[in-house]
Amino acid sequence: MTLSGLAVLAIGGAFAISSFGDGGGGADDLGAIECDEPITVTVAVAPELQPQVESAAKTLHSRDDGGACANFKVNSTTPAEVASAVSTGDTGRPDLWVPDSSLWMARADDGESAPAVAVPSLATSPLVLVGPDKALASTSSWLGVFTSAEPALLDPLGTATGTGTLLAIQSERAKTGMSDAQIGQVLVPLAQKYGSMPKPYTDVDGLFTKAALADSRTVVPATEQAFVAFQQKRPDSGLRAVVPGTGTLVFDYPMLVTAKENGQKVTEAGKRLAQELRSDASARALDAAGFRAATGEPLSGGRGVGNLALLPKPAADVAQKTLRQWATLALSSHSLAVIDASSSMLTKVGDKTWMDLTAEAAQAGLALFPNNSQLGLWAISTKLSGDNRDWAPLLPIRRLDAKVGSGNQRQEMLKALSGLKGQVGGPTGLYSAAIAAYRTVQDSYDPRSVNAVMIFTDGYSTDTGDLSLDDTLTTLQRLRDPARPVRLIAIGMGPNVDAPALEKIARTTGGSSYVARDPADIKKVFIDALQNR
C-alpha cells in the first residue's frame with residue numbers, strides 16, 4: 001500500500017474523538033451466545049495495550065456463560081509487523097488486530113480487501129509533546145515548539161506517532177496560517193537529518209531518556225499513554241507533557257478483523273472481548289495504564305494533559321502531500337548545483353550583487369543537507385571555463401563528508417561559492433550548460449537518491465553561440481529516461497529572468513521552476529525548491 005493510502009486514512013476520523021461512533025459496529029447488545037464449540041482466535045495487539053487485552057480475554061474465558069465462545073491467543077506485536085504480514089498475504093496473519101491507530105488500515109490492504117472494523121475504538125490516547133521545561137518554553141503551536149526546541153521524532157513512515165506528528169503540523173495551519181516556506185524551514189532539515197540516520201527512531205522510552213539528560217532541549221512527540229507509563233518508571237525525570245495551544249490529534253486503538261476465514265464468528269468474538277474491556281474492572285486497568293476511554297475523558301488523578309482541544313482533520317490532499325514530501329525529503333541527494341556567473345550577476349541590488357545574494361542563499365541551503373548527501377558545483381561562465389564552453393566544473397559530485405585535500409566536500413563547496421563572487425563575467429550560456437549538467441547527473445545516477453540539477457540564474461541565455469530554447473527542450477526530452485529520472489530545478493532571480501523559458505526547461509524533465517523577484521525571496525524560493533525536488 002502506498003503512502004497516499006496511509007494518508008487518506010487520516011481523513012476519516014482516525015484521530016478525532018468526536019468522530020468515533022458506530023461506523024464499524026458496536027460491542028453492546030450482542031444477545032445470547034449459541035456455541036457448540038469455541039473457536040481459536042489469534043489477536044495481535046499494539047504492545048502497550050497487550051496486557052489489558054490479554055487480561056480481559058482471560059476474564060471472558062473464565063465466565064460461566066461461555067464467554068465469547070472463543071479461545072483467545074493474545075500476542076504483543078508492533079502495528080508495522082502486522083501491516084506487513086497482512087498486506088503480503090502471510091499465512092501467520094492474526095484473526096483480530098488492535099493497532100494504535102486506524103492509520104494502519106490502508107497499509108494492511110492485501111490487494112483483495114482492507115481489514116474490517118469490528119469495534120471503532122477500545123481506548124484512546126492524545127498526541128502530546130514531552131520534554132524538559134526549557135524545551136517547552138513556548139507551546140503556542142506544534143511548529144513553534146519544533147522551531148525553538150530540538151525535536152526527536154519516531155519514524156514517520158514506520159510509526160503512527162511519527163505520522164501523526166507531521167499531520168498535526170499541517171492540520172494546525174488552519175489556526176496559525178503558516179506558509180509552506182515556514183513549515184519547510186523546519187521540516188526540510190529535519191527530514192534530511194532523519195534520512196541520513198542508519199536506523200530511524202522506534203523506541204519512545206529511549207527518546208524520553210535522551211530528553212531527560214541535563215541541559216537537554218529535546219522534545220519528543222508521543223502518546224499521552226507512553227508518557228504516563230514512563231513517568232511511573234521515572235517520576236524524577238524532570239519531563240512534562242503538553243498539548244500546543246492549537247490542539248492535538250488522538251489515537252483510537254480500533255479492533256480490526258484480519259481473519260481469512262470465519263469472519264463473522266471472529267467479529268462476534270471480538271465484540272464480546274471489547275465489551276469485556278468496557279467493564280468497570282477493565283476500565284480501571286486501562287486508566288491505570290494511561291489510556292483514556294474511547295469517549296476521551298481525561299485520566300484520573302490529574303495525570304496526563306487533562307482536557308484538550310482537537311485539531312481539525314487534515315484535508316486528504318494535504319495529508320497525502322505531507323507524507324510523500326517527507327518520504328522524498330528523507331532520501332539522500334545526488335545533485336549538481338549550477339550557478340550563473342555571467343556578467344549580469346554583477347547587477348547591484350542595494351549594496352550587494354545578485355551573485356552575492358545567490359552565493360549566500362546557496363551557502364545557507366547547503367546547511368540543509370546532511371553529510372551523506374552527494375553534491376557538486378558548476379558555474380555558468382565562459383570566463384571561467386577556459387575550454388570554449390559555457391560552463392565550468394568547479395567540484396565533482398561527492399558526498400559532503402568526502403575528504404578533499406585537507407578538508408571535505410562541504411568545506412570546498414563553501415569556499416568555491418565564496419570565490420565565485422570575484423570571478424563573474426562573460427555571457428550566459430544557459431541552455432548548453434543545462435544539457436551538460438543533466439547528462440552529468442544522469443551518467444552518475446544513484447538509484448538510492450533523489451537525482452537533480454539545480455540551476456540558479458538571474459537572466460536568460462545571452463551567448464549567441466548557445467543552443468535555441470526549442471533545441472534544448474527537444475534534447476532534454478530525448479535524454480529523459482524513466483529508469484534514471486533526473487529532475488531539473490530552475491531558480492530564477494531578479495526582474496530580467498526569463499521565467500517562461502525556465503519553466504519549460506524544468507517541466508520537460510519533470511522538475512519545477514521558481515522565481516524570486518525580490519532579494520528577500522531567495523531563501524524562501526530555495527526552501528520551496530527543496531520541498532518539491
# chains A, B, ... in the order shown; residues from 1 in each chain; ligands from 1
call {"tool": "select_by_dssp", "arguments": {"residues": "range 237-407 of chain A", "states": "helix (DSSP H, G or I)", "output": "PyMOL selection string"}}
result
chain A and resi 263-277+280-288+300-302+316-329+343-346+354-366+382-385
call {"tool": "residues_around", "arguments": {"residues": "range 505-519 of chain A", "least_positions_apart": "4", "cutoff": "6 Å", "atoms": "only C-alpha atoms", "output": "PyMOL selection string"}}
result
chain A and resi 487-495
call {"tool": "closest_residue", "arguments": {"among": "A:Thr328, A:Ser381, A:Ser282, A:Gln192", "to": "Leu60 in chain A", "atoms": "only C-alpha atoms"}}
result
A:Ser282
call {"tool": "residues_around", "arguments": {"residues": "Met413 in chain A", "least_positions_apart": "3", "cutoff": "9 Å", "atoms": "only C-alpha atoms", "output": "list in words"}}
result
Gln363, Leu366, Leu375, Gly376, Leu377, Leu394, Leu395, Leu400, Asn408, Gln409, Arg410, Ala416, Leu417 and Ser418 of chain A
call {"tool": "select_by_dssp", "arguments": {"residues": "range 338-532 of chain A", "states": "strand (DSSP E)", "output": "PyMOL selection string"}}
result
chain A and resi 338-340+348-349+352-353+374-380+391-399+403-404+407-408+449-457+487-493+513-516
call {"tool": "residues_around", "arguments": {"residues": "Ser148 in chain A", "least_positions_apart": "5", "cutoff": "9 Å", "atoms": "only C-alpha atoms", "output": "ChimeraX atom specification"}}
result
/A:135-138,143,217
call {"tool": "write_last_selection", "arguments": {"atoms": "C-alpha atoms", "output": "PDB file, in the first residue's frame"}}
result
ATOM      1  CA  ALA A 135      12.387  22.814  25.604  1.00  0.00           C
ATOM      2  CA  LEU A 136       8.746  23.707  26.214  1.00  0.00           C
ATOM      3  CA  ALA A 137       9.130  27.408  26.891  1.00  0.00           C
ATOM      4  CA  SER A 138       6.803  28.286  24.018  1.00  0.00           C
ATOM      5  CA  LEU A 143       5.633  24.250  14.605  1.00  0.00           C
ATOM      6  CA  ARG A 217      16.426  20.827  24.695  1.00  0.00           C
TER       7      ARG A 217
END
call {"tool": "residues_around", "arguments": {"residues": "Ala191 in chain A", "least_positions_apart": "5", "cutoff": "7 Å", "atoms": "only C-alpha atoms", "output": "list in words"}}
result
Trp326, Leu329 and Ala330 of chain A
call {"tool": "closest_residue", "arguments": {"among": "A:Thr322, A:Thr139, A:Gln185, A:Ser333", "to": "Thr248 in chain A", "atoms": "only C-alpha atoms"}}
result
A:Thr139
call {"tool": "closest_residue", "arguments": {"among": "A:Ser102, A:Thr159, A:Ser444, A:Asn496", "to": "Ala222 in chain A", "atoms": "only C-alpha atoms"}}
result
A:Thr159
call {"tool": "closest_residue", "arguments": {"among": "A:Val305, A:Leu469, A:Ala288, A:Ala293", "to": "Leu127 in chain A", "atoms": "only C-alpha atoms"}}
result
A:Val305
